[in-house]
$ cat protein_20.cif   # mmCIF, C-alpha atoms and all ligand atoms
data_data
loop_
_atom_site.group_PDB
_atom_site.id
_atom_site.type_symbol
_atom_site.label_atom_id
_atom_site.label_comp_id
_atom_site.auth_asym_id
_atom_site.auth_seq_id
_atom_site.Cartn_x
_atom_site.Cartn_y
_atom_site.Cartn_z
ATOM 1 C CA MET A 189 99.340 52.403 28.657
ATOM 2 C CA ASN A 190 96.529 54.679 29.808
ATOM 3 C CA SER A 191 92.997 54.044 30.990
ATOM 4 C CA GLY A 192 91.530 54.895 27.585
ATOM 5 C CA VAL A 193 87.912 55.572 26.616
ATOM 6 C CA LYS A 194 84.760 53.485 26.835
ATOM 7 C CA VAL A 195 81.781 53.889 24.521
ATOM 8 C CA PHE A 196 78.337 52.311 24.202
ATOM 9 C CA ALA A 197 76.536 51.728 20.885
ATOM 10 C CA PRO A 198 72.846 50.782 20.942
ATOM 11 C CA ALA A 199 70.947 48.077 19.092
ATOM 12 C CA SER A 200 68.856 49.103 16.106
ATOM 13 C CA VAL A 201 65.815 48.011 14.142
ATOM 14 C CA ALA A 202 66.510 48.077 10.409
ATOM 15 C CA ASN A 203 63.982 48.237 7.547
ATOM 16 C CA VAL A 204 61.100 49.504 9.774
ATOM 17 C CA ALA A 205 58.646 47.422 7.715
ATOM 18 C CA CYS A 206 58.552 49.163 4.323
ATOM 19 C CA GLY A 207 62.117 50.529 4.156
ATOM 20 C CA PHE A 208 64.321 47.570 3.244
ATOM 21 C CA ASP A 209 67.960 48.703 3.555
ATOM 22 C CA ILE A 210 66.911 52.382 3.767
ATOM 23 C CA LEU A 211 65.267 52.882 7.176
ATOM 24 C CA GLY A 212 66.356 52.152 10.729
ATOM 25 C CA PHE A 213 65.958 53.356 14.282
ATOM 26 C CA ALA A 214 67.961 52.911 17.470
ATOM 27 C CA ILE A 215 66.675 51.575 20.788
ATOM 28 C CA ASP A 216 68.139 52.225 24.232
ATOM 29 C CA LYS A 217 69.071 48.636 25.060
ATOM 30 C CA PRO A 218 70.742 46.250 24.451
ATOM 31 C CA GLY A 219 74.041 47.453 22.974
ATOM 32 C CA ASP A 220 77.777 46.858 22.801
ATOM 33 C CA GLU A 221 80.650 48.461 24.686
ATOM 34 C CA ILE A 222 84.135 49.062 23.382
ATOM 35 C CA ILE A 223 87.146 50.306 25.295
ATOM 36 C CA ALA A 224 90.113 51.743 23.392
ATOM 37 C CA ARG A 225 93.481 52.712 24.875
ATOM 38 C CA PHE A 226 96.997 53.495 23.724
ATOM 39 C CA ASN A 227 99.573 50.775 24.200
ATOM 40 C CA ASN A 228 103.128 51.855 23.439
ATOM 41 C CA SER A 229 104.431 48.317 23.540
ATOM 42 C CA ILE A 230 102.558 47.317 20.349
ATOM 43 C CA SER A 231 102.530 48.718 16.849
ATOM 44 C CA GLY A 232 99.192 49.223 15.122
ATOM 45 C CA LEU A 233 95.733 48.080 16.214
ATOM 46 C CA GLN A 234 95.148 44.997 18.329
ATOM 47 C CA ILE A 235 92.044 43.436 19.841
ATOM 48 C CA SER A 236 93.126 42.601 23.372
ATOM 49 C CA LYS A 237 89.912 41.212 24.832
ATOM 50 C CA ILE A 238 86.468 40.032 23.714
ATOM 51 C CA THR A 239 83.739 39.170 26.201
ATOM 52 C CA GLY A 240 80.125 38.052 25.735
ATOM 53 C CA ALA A 241 80.745 36.399 22.366
ATOM 54 C CA LYS A 242 81.069 32.786 23.526
ATOM 55 C CA GLY A 243 84.337 32.480 21.635
ATOM 56 C CA LYS A 244 82.619 33.106 18.293
ATOM 57 C CA LEU A 245 84.301 36.384 17.333
ATOM 58 C CA PRO A 246 87.758 36.450 15.725
ATOM 59 C CA TYR A 247 90.636 38.467 17.192
ATOM 60 C CA ALA A 248 92.140 39.015 13.719
ATOM 61 C CA ILE A 249 91.566 42.674 12.846
ATOM 62 C CA GLU A 250 90.672 41.991 9.216
ATOM 63 C CA LYS A 251 87.979 39.448 10.186
ATOM 64 C CA ASN A 252 86.366 41.342 13.033
ATOM 65 C CA THR A 253 83.624 43.913 12.377
ATOM 66 C CA ALA A 254 84.940 46.299 15.024
ATOM 67 C CA GLY A 255 88.523 45.659 13.918
ATOM 68 C CA VAL A 256 87.800 46.419 10.254
ATOM 69 C CA ALA A 257 85.884 49.585 11.140
ATOM 70 C CA ALA A 258 88.588 50.854 13.500
ATOM 71 C CA GLN A 259 91.418 49.982 11.108
ATOM 72 C CA SER A 260 89.773 51.747 8.151
ATOM 73 C CA LEU A 261 89.345 54.874 10.268
ATOM 74 C CA LEU A 262 92.947 54.738 11.528
ATOM 75 C CA GLU A 263 94.242 54.412 7.960
ATOM 76 C CA HIS A 264 92.103 57.333 6.819
ATOM 77 C CA ILE A 265 93.495 59.640 9.497
ATOM 78 C CA GLY A 266 97.085 58.442 9.111
ATOM 79 C CA GLU A 267 97.321 56.751 12.526
ATOM 80 C CA ALA A 268 97.539 53.114 11.443
ATOM 81 C CA GLU A 269 100.979 52.629 13.039
ATOM 82 C CA ARG A 270 99.847 53.906 16.421
ATOM 83 C CA GLY A 271 99.834 51.269 19.180
ATOM 84 C CA ILE A 272 96.160 50.988 20.152
ATOM 85 C CA GLU A 273 94.314 48.109 21.790
ATOM 86 C CA ILE A 274 90.574 47.627 21.915
ATOM 87 C CA GLU A 275 88.368 45.513 24.149
ATOM 88 C CA ILE A 276 85.017 44.402 22.741
ATOM 89 C CA HIS A 277 82.275 43.670 25.234
ATOM 90 C CA LYS A 278 79.337 42.124 23.373
ATOM 91 C CA LYS A 279 76.165 42.738 25.294
ATOM 92 C CA MET A 280 73.811 41.617 22.568
ATOM 93 C CA PRO A 281 73.367 38.418 20.558
ATOM 94 C CA PHE A 282 74.562 37.928 16.960
ATOM 95 C CA GLY A 283 72.204 36.854 14.235
ATOM 96 C CA SER A 284 69.323 38.376 16.192
ATOM 97 C CA GLY A 285 68.167 41.132 13.845
ATOM 98 C CA LEU A 286 69.133 43.755 16.416
ATOM 99 C CA GLY A 287 72.097 45.179 14.526
ATOM 100 C CA SER A 288 74.748 43.489 16.637
ATOM 101 C CA SER A 289 77.601 43.819 14.144
ATOM 102 C CA ALA A 290 76.559 47.407 13.370
ATOM 103 C CA ALA A 291 76.716 48.300 17.070
ATOM 104 C CA SER A 292 80.236 46.870 17.336
ATOM 105 C CA ALA A 293 81.349 48.801 14.248
ATOM 106 C CA ALA A 294 79.769 52.046 15.461
ATOM 107 C CA ALA A 295 81.289 51.649 18.922
ATOM 108 C CA ALA A 296 84.719 50.906 17.433
ATOM 109 C CA VAL A 297 84.942 54.054 15.301
ATOM 110 C CA MET A 298 83.573 56.236 18.073
ATOM 111 C CA ALA A 299 86.065 54.818 20.593
ATOM 112 C CA ILE A 300 89.044 55.378 18.268
ATOM 113 C CA ASN A 301 87.888 58.896 17.402
ATOM 114 C CA GLU A 302 87.473 59.808 21.069
ATOM 115 C CA LEU A 303 90.840 58.309 21.986
ATOM 116 C CA LEU A 304 92.483 60.444 19.292
ATOM 117 C CA ARG A 305 90.627 63.555 20.506
ATOM 118 C CA ARG A 306 87.982 63.713 17.792
ATOM 119 C CA PRO A 307 89.753 64.269 14.484
ATOM 120 C CA LEU A 308 86.372 63.627 12.776
ATOM 121 C CA SER A 309 82.782 64.558 13.554
ATOM 122 C CA LYS A 310 80.392 61.753 14.497
ATOM 123 C CA ARG A 311 78.696 62.012 11.098
ATOM 124 C CA GLU A 312 82.071 61.661 9.363
ATOM 125 C CA LEU A 313 82.648 58.343 11.149
ATOM 126 C CA LEU A 314 79.712 56.722 9.352
ATOM 127 C CA PRO A 315 81.531 55.364 6.249
ATOM 128 C CA PHE A 316 84.136 53.594 8.385
ATOM 129 C CA ALA A 317 81.485 51.951 10.559
ATOM 130 C CA VAL A 318 79.599 50.802 7.447
ATOM 131 C CA ILE A 319 82.796 49.251 6.037
ATOM 132 C CA GLY A 320 83.108 47.357 9.330
ATOM 133 C CA GLU A 321 79.574 46.050 9.173
ATOM 134 C CA GLN A 322 80.044 45.049 5.560
ATOM 135 C CA CYS A 323 82.599 42.503 6.752
ATOM 136 C CA ALA A 324 79.764 40.717 8.638
ATOM 137 C CA ASP A 325 77.241 40.230 5.845
ATOM 138 C CA GLY A 326 79.063 41.238 2.670
ATOM 139 C CA SER A 327 76.731 44.083 1.707
ATOM 140 C CA TYR A 328 77.108 47.850 2.097
ATOM 141 C CA HIS A 329 74.016 49.265 3.774
ATOM 142 C CA ALA A 330 73.719 51.742 6.632
ATOM 143 C CA ASP A 331 70.230 51.041 7.958
ATOM 144 C CA ASN A 332 71.633 49.595 11.211
ATOM 145 C CA VAL A 333 74.899 51.521 11.475
ATOM 146 C CA ALA A 334 73.419 54.998 10.900
ATOM 147 C CA PRO A 335 70.873 54.803 13.767
ATOM 148 C CA SER A 336 73.298 52.943 16.038
ATOM 149 C CA LEU A 337 75.953 55.641 15.544
ATOM 150 C CA LEU A 338 73.799 58.750 15.166
ATOM 151 C CA GLY A 339 70.588 57.788 16.993
ATOM 152 C CA GLY A 340 66.990 58.490 15.990
ATOM 153 C CA ILE A 341 65.171 57.243 12.918
ATOM 154 C CA GLN A 342 67.455 57.414 9.903
ATOM 155 C CA LEU A 343 66.537 57.368 6.225
ATOM 156 C CA ILE A 344 69.212 56.376 3.736
ATOM 157 C CA ARG A 345 68.277 57.742 0.324
ATOM 158 C CA HIS A 346 71.303 56.079 -1.303
ATOM 159 C CA ASN A 347 73.564 53.601 0.450
ATOM 160 C CA PRO A 348 76.686 53.816 -1.777
ATOM 161 C CA SER A 349 77.037 57.570 -1.183
ATOM 162 C CA LEU A 350 75.627 57.386 2.374
ATOM 163 C CA ASP A 351 73.043 60.056 1.669
ATOM 164 C CA VAL A 352 71.598 59.749 5.183
ATOM 165 C CA HIS A 353 68.841 61.863 6.761
ATOM 166 C CA ARG A 354 67.449 61.958 10.280
ATOM 167 C CA LEU A 355 63.657 61.862 10.508
ATOM 168 C CA PRO A 356 61.591 63.363 13.326
ATOM 169 C CA VAL A 357 60.141 61.084 16.003
ATOM 170 C CA PRO A 358 56.523 61.674 17.057
ATOM 171 C CA LYS A 359 56.158 62.300 20.779
ATOM 172 C CA GLY A 360 55.606 59.140 22.808
ATOM 173 C CA LEU A 361 56.526 56.651 20.067
ATOM 174 C CA TYR A 362 57.755 53.432 21.677
ATOM 175 C CA ALA A 363 59.164 50.189 20.338
ATOM 176 C CA SER A 364 58.630 46.634 21.573
ATOM 177 C CA VAL A 365 61.237 44.237 20.241
ATOM 178 C CA VAL A 366 61.074 40.511 20.895
ATOM 179 C CA TYR A 367 64.084 38.336 20.168
ATOM 180 C CA PRO A 368 63.192 34.640 19.951
ATOM 181 C CA HIS A 369 66.219 32.449 20.575
ATOM 182 C CA VAL A 370 66.559 31.033 17.081
ATOM 183 C CA GLN A 371 69.459 32.162 14.922
ATOM 184 C CA ILE A 372 69.111 33.604 11.429
ATOM 185 C CA LEU A 373 72.244 34.927 9.765
ATOM 186 C CA THR A 374 71.723 38.119 7.781
ATOM 187 C CA LYS A 375 73.461 36.590 4.798
ATOM 188 C CA ASP A 376 70.994 33.666 4.770
ATOM 189 C CA ALA A 377 68.027 36.016 5.199
ATOM 190 C CA ARG A 378 69.290 38.050 2.221
ATOM 191 C CA ASP A 379 69.817 34.938 0.113
ATOM 192 C CA VAL A 380 66.108 33.985 0.338
ATOM 193 C CA LEU A 381 65.046 37.260 -1.279
ATOM 194 C CA SER A 382 63.983 37.312 -4.909
ATOM 195 C CA ASP A 383 65.587 39.930 -7.169
ATOM 196 C CA VAL A 384 62.231 40.454 -8.858
ATOM 197 C CA VAL A 385 59.704 43.021 -7.606
ATOM 198 C CA THR A 386 56.467 43.547 -9.507
ATOM 199 C CA LEU A 387 55.352 47.023 -10.519
ATOM 200 C CA GLU A 388 52.341 46.629 -8.241
ATOM 201 C CA GLN A 389 54.579 45.814 -5.246
ATOM 202 C CA CYS A 390 56.863 48.716 -6.111
ATOM 203 C CA ILE A 391 53.923 51.133 -6.179
ATOM 204 C CA GLN A 392 52.606 49.931 -2.814
ATOM 205 C CA GLN A 393 56.003 49.935 -1.142
ATOM 206 C CA THR A 394 57.073 53.371 -2.359
ATOM 207 C CA GLY A 395 53.664 54.735 -1.326
ATOM 208 C CA ASN A 396 54.202 53.318 2.165
ATOM 209 C CA ILE A 397 57.735 54.715 2.496
ATOM 210 C CA ALA A 398 56.662 58.172 1.366
ATOM 211 C CA ALA A 399 53.657 58.070 3.705
ATOM 212 C CA LEU A 400 55.845 56.946 6.612
ATOM 213 C CA VAL A 401 58.065 59.998 6.153
ATOM 214 C CA VAL A 402 55.041 62.306 6.003
ATOM 215 C CA ALA A 403 53.578 60.616 9.105
ATOM 216 C CA LEU A 404 56.791 61.145 11.067
ATOM 217 C CA TYR A 405 57.033 64.805 10.039
ATOM 218 C CA ASN A 406 53.392 65.463 10.896
ATOM 219 C CA GLY A 407 53.218 63.248 13.980
ATOM 220 C CA ASP A 408 50.304 61.522 12.231
ATOM 221 C CA LEU A 409 50.011 58.137 13.933
ATOM 222 C CA ASP A 410 46.977 57.043 11.853
ATOM 223 C CA LEU A 411 49.018 57.489 8.688
ATOM 224 C CA LEU A 412 52.021 55.810 10.339
ATOM 225 C CA GLN A 413 49.813 52.815 11.109
ATOM 226 C CA ARG A 414 48.803 52.501 7.434
ATOM 227 C CA ALA A 415 52.382 53.008 6.257
ATOM 228 C CA LEU A 416 53.975 50.316 8.463
ATOM 229 C CA GLU A 417 53.418 47.611 5.860
ATOM 230 C CA ASP A 418 56.009 45.640 3.911
ATOM 231 C CA VAL A 419 54.649 43.946 0.793
ATOM 232 C CA ILE A 420 58.047 42.814 -0.535
ATOM 233 C CA VAL A 421 60.462 41.454 2.067
ATOM 234 C CA GLU A 422 58.297 40.394 5.021
ATOM 235 C CA PRO A 423 56.235 37.889 2.989
ATOM 236 C CA GLN A 424 59.448 36.201 1.825
ATOM 237 C CA ARG A 425 61.334 36.224 5.113
ATOM 238 C CA SER A 426 58.578 35.638 7.641
ATOM 239 C CA LYS A 427 58.630 31.906 6.938
ATOM 240 C CA LEU A 428 62.118 31.783 8.481
ATOM 241 C CA ILE A 429 60.692 32.949 11.822
ATOM 242 C CA PRO A 430 58.578 30.456 13.759
ATOM 243 C CA HIS A 431 55.094 31.768 14.698
ATOM 244 C CA PHE A 432 55.679 35.115 12.983
ATOM 245 C CA ALA A 433 52.037 35.547 11.881
ATOM 246 C CA GLU A 434 50.690 34.808 15.375
ATOM 247 C CA VAL A 435 53.171 37.200 16.990
ATOM 248 C CA LYS A 436 52.208 39.939 14.561
ATOM 249 C CA ASP A 437 48.491 39.339 15.170
ATOM 250 C CA ALA A 438 49.075 39.475 18.927
ATOM 251 C CA ALA A 439 50.880 42.824 18.606
ATOM 252 C CA LEU A 440 48.212 44.374 16.404
ATOM 253 C CA ASN A 441 45.400 43.050 18.641
ATOM 254 C CA GLN A 442 47.019 44.793 21.605
ATOM 255 C CA GLY A 443 46.952 48.111 19.745
ATOM 256 C CA ALA A 444 50.386 48.295 18.100
ATOM 257 C CA LEU A 445 50.556 50.757 15.202
ATOM 258 C CA GLY A 446 52.513 48.209 13.178
ATOM 259 C CA CYS A 447 54.634 45.095 13.514
ATOM 260 C CA SER A 448 57.241 43.530 11.258
ATOM 261 C CA ILE A 449 60.617 41.798 11.193
ATOM 262 C CA SER A 450 63.479 43.648 12.860
ATOM 263 C CA GLY A 451 66.271 43.775 10.279
ATOM 264 C CA ALA A 452 66.938 40.307 8.941
ATOM 265 C CA GLY A 453 65.180 38.682 11.933
ATOM 266 C CA PRO A 454 64.441 36.637 13.902
ATOM 267 C CA SER A 455 63.601 39.577 16.183
ATOM 268 C CA ILE A 456 60.194 41.108 15.589
ATOM 269 C CA PHE A 457 59.426 44.734 16.398
ATOM 270 C CA ALA A 458 56.239 46.680 16.975
ATOM 271 C CA LEU A 459 55.728 50.427 17.281
ATOM 272 C CA SER A 460 53.145 51.865 19.661
ATOM 273 C CA GLN A 461 51.834 55.271 20.613
ATOM 274 C CA ASN A 462 53.134 55.148 24.206
ATOM 275 C CA SER A 463 55.106 53.044 26.681
ATOM 276 C CA LEU A 464 52.079 51.422 28.296
ATOM 277 C CA VAL A 465 50.734 50.097 24.996
ATOM 278 C CA ALA A 466 54.272 49.056 24.042
ATOM 279 C CA GLU A 467 54.594 47.008 27.248
ATOM 280 C CA ASN A 468 51.280 45.220 26.683
ATOM 281 C CA VAL A 469 52.172 44.637 23.041
ATOM 282 C CA GLY A 470 55.575 43.239 23.976
ATOM 283 C CA ILE A 471 54.124 40.860 26.561
ATOM 284 C CA ALA A 472 51.491 39.634 24.091
ATOM 285 C CA MET A 473 54.201 38.997 21.489
ATOM 286 C CA GLN A 474 56.406 37.190 23.974
ATOM 287 C CA ASN A 475 53.477 35.038 25.176
ATOM 288 C CA ILE A 476 53.233 33.467 21.719
ATOM 289 C CA PHE A 477 56.837 32.299 21.897
ATOM 290 C CA GLN A 478 56.387 31.149 25.464
ATOM 291 C CA ALA A 479 53.374 29.031 24.481
ATOM 292 C CA ALA A 480 55.498 27.513 21.710
ATOM 293 C CA LYS A 481 58.296 26.808 24.225
ATOM 294 C CA ILE A 482 60.721 29.128 22.430
ATOM 295 C CA GLU A 483 62.801 31.259 24.763
ATOM 296 C CA SER A 484 62.736 34.956 23.997
ATOM 297 C CA GLN A 485 63.833 38.337 25.300
ATOM 298 C CA LEU A 486 61.751 41.493 25.272
ATOM 299 C CA PHE A 487 63.097 45.027 24.928
ATOM 300 C CA ILE A 488 60.802 48.013 25.422
ATOM 301 C CA SER A 489 62.320 51.334 24.459
ATOM 302 C CA PRO A 490 61.637 54.807 23.174
ATOM 303 C CA ILE A 491 63.479 55.674 19.969
ATOM 304 C CA ASN A 492 67.041 56.238 21.156
ATOM 305 C CA GLN A 493 68.117 59.740 20.183
ATOM 306 C CA GLU A 494 71.821 59.782 21.076
ATOM 307 C CA GLY A 495 73.198 56.753 19.236
ATOM 308 C CA THR A 496 76.744 55.881 20.265
ATOM 309 C CA ILE A 497 77.908 57.661 23.422
ATOM 310 C CA LEU A 498 80.943 57.946 25.654
ATOM 311 C CA CYS A 499 80.316 56.257 28.969
HETATM 312 N N1 LIG B 501 68.498 45.771 5.755
HETATM 313 C C1 LIG B 501 69.222 44.631 6.228
HETATM 314 C C2 LIG B 501 68.450 43.376 5.885
HETATM 315 C C3 LIG B 501 69.390 44.738 7.714
HETATM 316 O O1 LIG B 501 67.257 43.349 6.172
HETATM 317 O O2 LIG B 501 69.028 42.455 5.326
HETATM 318 C C4 LIG B 501 70.158 43.598 8.312
HETATM 319 O O3 LIG B 501 71.518 43.838 8.275
#
$ encode --input "protein_20.cif" --output "structure tokens"
Amino acid sequence: MNSGVKVFAPASVANVACGFDILGFAIDKPGDEIIARFNNSISGLQISKITGAKGKLPYAIEKNTAGVAAQSLLEHIGEAERGIEIEIHKKMPFGSGLGSSAASAAAAVMAINELLRRPLSKRELLPFAVIGEQCADGSYHADNVAPSLLGGIQLIRHNPSLDVHRLPVPKGLYASVVYPHVQILTKDARDVLSDVVTLEQCIQQTGNIAALVVALYNGDLDLLQRALEDVIVEPQRSKLIPHFAEVKDAALNQGALGCSISGAGPSIFALSQNSLVAENVGIAMQNIFQAAKIESQLFISPINQEGTILC
């Protein structure tokens, strides 16, 4: 046995209003930690410890997001027989819309890669982390995993081939993310979505996505404000989140550039031009849940640039 390596993978906000399954950004906190170490008395990968999951996460490698991600990487690099144990320390809730399973998958592949002295680049780890996350909700999309692993705001042009691109972040941009303590599983939030999108919706949504990219490149916050609009998914999913409309109104009234569902929800995010506005926006959002006697947590963060890191 040796002391091993410890890594941290941050939470992420997927979709970013108009970019269902194709946009996501990372925030500084919360996040998950994974420790990996060699263990010569075992053969293959084992999960030796899980904390912070209230007994809800399986130890079986093939059923655990981090386990699947780590195992697929180990098989790819021909190290599947190596005795390695991992500890998973969940520091963020599941079913929160904060990319919890993606953070575990990103942390797992990074920890294994570091333990084995970096056979792959960070970017090359992405497919293995996405395979891990797929085990949580059954679909292959990188809008949480890519920012959690690589940091920044990530655009995924095409999920199957992981054609992923980092977008610039305008100076000062801050996120307020409120997690109300109600659980929505990603699978359930995907099941409510209609397969049908009208041509009119398609035109509006693609216009918003294109404008969002231009706004980020030009640091144009007025355009960003107009682009942070989701005419397809938010109207269908917002009914799953209690008081969504009031929370969104509160954020916009406090000067947020935009506000929408974080990933599959129930967390709600807002983007603001600086940290002070983001704090006021976050408090206003949280006040709505407090008045409704729903417990919530607030995270205020710049866009995290590093993604998963050794710690
Ligand atoms: N794009 C995904 C969704 C993110 O909204 O369903 C959650 O995994």
$ residues_near_ligand --input "protein_20.cif" --ligand "ligand LIG 501 (chain B)" --cutoff "10 Å" --atoms "all atoms listed in the file" --output "ChimeraX atom specification"
/A:200-205,207-212,283-290,321-322,324-333,373-379,381,421-422,425,449-453
$ closest_residue --input "protein_20.cif" --among "A:Ile238, A:Leu355, A:Leu262, A:Leu459" --to "Leu304 of chain A" --atoms "all atoms listed in the file"
A:Leu262
$ closest_residue --input "protein_20.cif" --among "A:Ala439, A:Ala257, A:Ile300, A:Val365" --to "Ala472 of chain A" --atoms "all atoms listed in the file"
A:Ala439
$ resolve_selection --input "protein_20.cif" --expression "the PyMOL selection byres (((chain A and resi 436) around 9) and not hetatm)" --output "list in words"
His431, Phe432, Ala433, Glu434, Val435, Asp437, Ala438, Ala439, Leu440, Asn441, Gly446, Cys447, Ser448, Ile456, Phe457, Ala458 and Met473 of chain A
$ write_last_selection --input "protein_20.cif" --atoms "C-alpha atoms" --output "PDB file, keeping the file's coordinate frame"
ATOM      1  CA  HIS A 431      55.094  31.768  14.698  1.00  0.00           C
ATOM      2  CA  PHE A 432      55.679  35.115  12.983  1.00  0.00           C
ATOM      3  CA  ALA A 433      52.037  35.547  11.881  1.00  0.00           C
ATOM      4  CA  GLU A 434      50.690  34.808  15.375  1.00  0.00           C
ATOM      5  CA  VAL A 435      53.171  37.200  16.990  1.00  0.00           C
ATOM      6  CA  ASP A 437      48.491  39.339  15.170  1.00  0.00           C
ATOM      7  CA  ALA A 438      49.075  39.475  18.927  1.00  0.00           C
ATOM      8  CA  ALA A 439      50.880  42.824  18.606  1.00  0.00           C
ATOM      9  CA  LEU A 440      48.212  44.374  16.404  1.00  0.00           C
ATOM     10  CA  ASN A 441      45.400  43.050  18.641  1.00  0.00           C
ATOM     11  CA  GLY A 446      52.513  48.209  13.178  1.00  0.00           C
ATOM     12  CA  CYS A 447      54.634  45.095  13.514  1.00  0.00           C
ATOM     13  CA  SER A 448      57.241  43.530  11.258  1.00  0.00           C
ATOM     14  CA  ILE A 456      60.194  41.108  15.589  1.00  0.00           C
ATOM     15  CA  PHE A 457      59.426  44.734  16.398  1.00  0.00           C
ATOM     16  CA  ALA A 458      56.239  46.680  16.975  1.00  0.00           C
ATOM     17  CA  MET A 473      54.201  38.997  21.489  1.00  0.00           C
TER      18      MET A 473
END
$ residues_around --input "protein_20.cif" --residues "Ala444 of chain A" --least-positions-apart "6" --cutoff "8 Å" --atoms "all atoms listed in the file" --output "ChimeraX atom specification"
/A:458-461,465-466,469
$ write_last_selection --input "protein_20.cif" --atoms "C-alpha atoms" --output "CSV table (one decimal), keeping the file's coordinate frame"
chain,number,residue,atom,x,y,z
A,458,ALA,CA,56.2,46.7,17.0
A,459,LEU,CA,55.7,50.4,17.3
A,460,SER,CA,53.1,51.9,19.7
A,461,GLN,CA,51.8,55.3,20.6
A,465,VAL,CA,50.7,50.1,25.0
A,466,ALA,CA,54.3,49.1,24.0
A,469,VAL,CA,52.2,44.6,23.0
$ closest_residue --input "protein_20.cif" --among "A:Gln371, A:Asn396, A:Ser292, A:Gln474" --to "Pro454 of chain A" --atoms "all atoms listed in the file"
A:Gln371
$ atom_distance --input "protein_20.cif" --atom1 "atom CA of Gly407 of chain A" --atom2 "atom CA of Leu486 of chain A"
26.0 Å
$ atom_distance --input "protein_20.cif" --atom1 "atom CA of Ile235 of chain A" --atom2 "atom CA of Gly255 of chain A"
7.2 Å
$ atom_distance --input "protein_20.cif" --atom1 "atom CA of Lys237 of chain A" --atom2 "atom CA of Ser336 of chain A"
22.2 Å
$ residues_around --input "protein_20.cif" --residues "Ala268 of chain A" --least-positions-apart "2" --cutoff "10 Å" --atoms "only C-alpha atoms" --output "PDB file with C-alpha atoms, in the frame of the given file"
ATOM      1  CA  SER A 231     102.530  48.718  16.849  1.00  0.00           C
ATOM      2  CA  GLY A 232      99.192  49.223  15.122  1.00  0.00           C
ATOM      3  CA  LEU A 233      95.733  48.080  16.214  1.00  0.00           C
ATOM      4  CA  ALA A 258      88.588  50.854  13.500  1.00  0.00           C
ATOM      5  CA  GLN A 259      91.418  49.982  11.108  1.00  0.00           C
ATOM      6  CA  SER A 260      89.773  51.747   8.151  1.00  0.00           C
ATOM      7  CA  LEU A 261      89.345  54.874  10.268  1.00  0.00           C
ATOM      8  CA  LEU A 262      92.947  54.738  11.528  1.00  0.00           C
ATOM      9  CA  GLU A 263      94.242  54.412   7.960  1.00  0.00           C
ATOM     10  CA  HIS A 264      92.103  57.333   6.819  1.00  0.00           C
ATOM     11  CA  ILE A 265      93.495  59.640   9.497  1.00  0.00           C
ATOM     12  CA  GLY A 266      97.085  58.442   9.111  1.00  0.00           C
ATOM     13  CA  ARG A 270      99.847  53.906  16.421  1.00  0.00           C
ATOM     14  CA  GLY A 271      99.834  51.269  19.180  1.00  0.00           C
ATOM     15  CA  ILE A 272      96.160  50.988  20.152  1.00  0.00           C
TER      16      ILE A 272
END
$ residues_around --input "protein_20.cif" --residues "Arg414 of chain A" --least-positions-apart "2" --cutoff "9 Å" --atoms "all atoms listed in the file" --output "compact mmCIF listing (two decimals) with C-alpha atoms, in the coordinates of the input"
# COMPACT_ATOMS: atom_id res chain seq x y z
CA ASN A 396 54.20 53.32 2.16
CA ALA A 399 53.66 58.07 3.70
CA LEU A 400 55.84 56.95 6.61
CA LEU A 409 50.01 58.14 13.93
CA ASP A 410 46.98 57.04 11.85
CA LEU A 411 49.02 57.49 8.69
CA LEU A 412 52.02 55.81 10.34
CA LEU A 416 53.98 50.32 8.46
CA GLU A 417 53.42 47.61 5.86
CA LEU A 445 50.56 50.76 15.20
CA GLY A 446 52.51 48.21 13.18
$ axis_aligned_box --input "protein_20.cif" --around "segment 213-221 of chain A" --padding-each-side "4 Å" --output "lines of an AutoDock Vina configuration file"
center_x = 73.3
center_y = 49.8
center_z = 19.7
size_x = 22.7
size_y = 15.1
size_z = 18.8
$ resolve_selection --input "protein_20.cif" --expression "the PyMOL selection byres (((chain A and resi 499) around 9) and not hetatm)" --output "list in words"
Val193, Lys194, Val195, Phe196, Glu221, Ile497 and Leu498 of chain A
$ closest_residue --input "protein_20.cif" --among "A:Cys390, A:Ile274, A:Ala224, A:Val366" --to "Ser455 of chain A" --atoms "only C-alpha atoms"
A:Val366
$ resolve_selection --input "protein_20.cif" --expression "the PyMOL selection byres (((chain A and resi 491) around 12) and not hetatm)" --output "MDAnalysis selection string"
chainID A and resid 198:201 212:217 335:336 338:342 355:365 458:463 487:490 492:495
$ closest_residue --input "protein_20.cif" --among "A:Val419, A:Ile222, A:Leu245, A:Ala295" --to "Gln392 of chain A" --atoms "only C-alpha atoms"
A:Val419
$ closest_residue --input "protein_20.cif" --among "A:Leu337, A:Leu313, A:Ala248, A:Val370" --to "Gln485 of chain A" --atoms "only C-alpha atoms"
A:Val370
$ residues_around --input "protein_20.cif" --residues "Glu388 of chain A" --least-positions-apart "5" --cutoff "12 Å" --atoms "only C-alpha atoms" --output "list in words"
Gln393, Thr394, Gly395, Val419 and Ile420 of chain A
$ write_last_selection --input "protein_20.cif" --atoms "C-alpha atoms" --output "CSV table (one decimal), in the frame of the given file"
chain,number,residue,atom,x,y,z
A,393,GLN,CA,56.0,49.9,-1.1
A,394,THR,CA,57.1,53.4,-2.4
A,395,GLY,CA,53.7,54.7,-1.3
A,419,VAL,CA,54.6,43.9,0.8
A,420,ILE,CA,58.0,42.8,-0.5
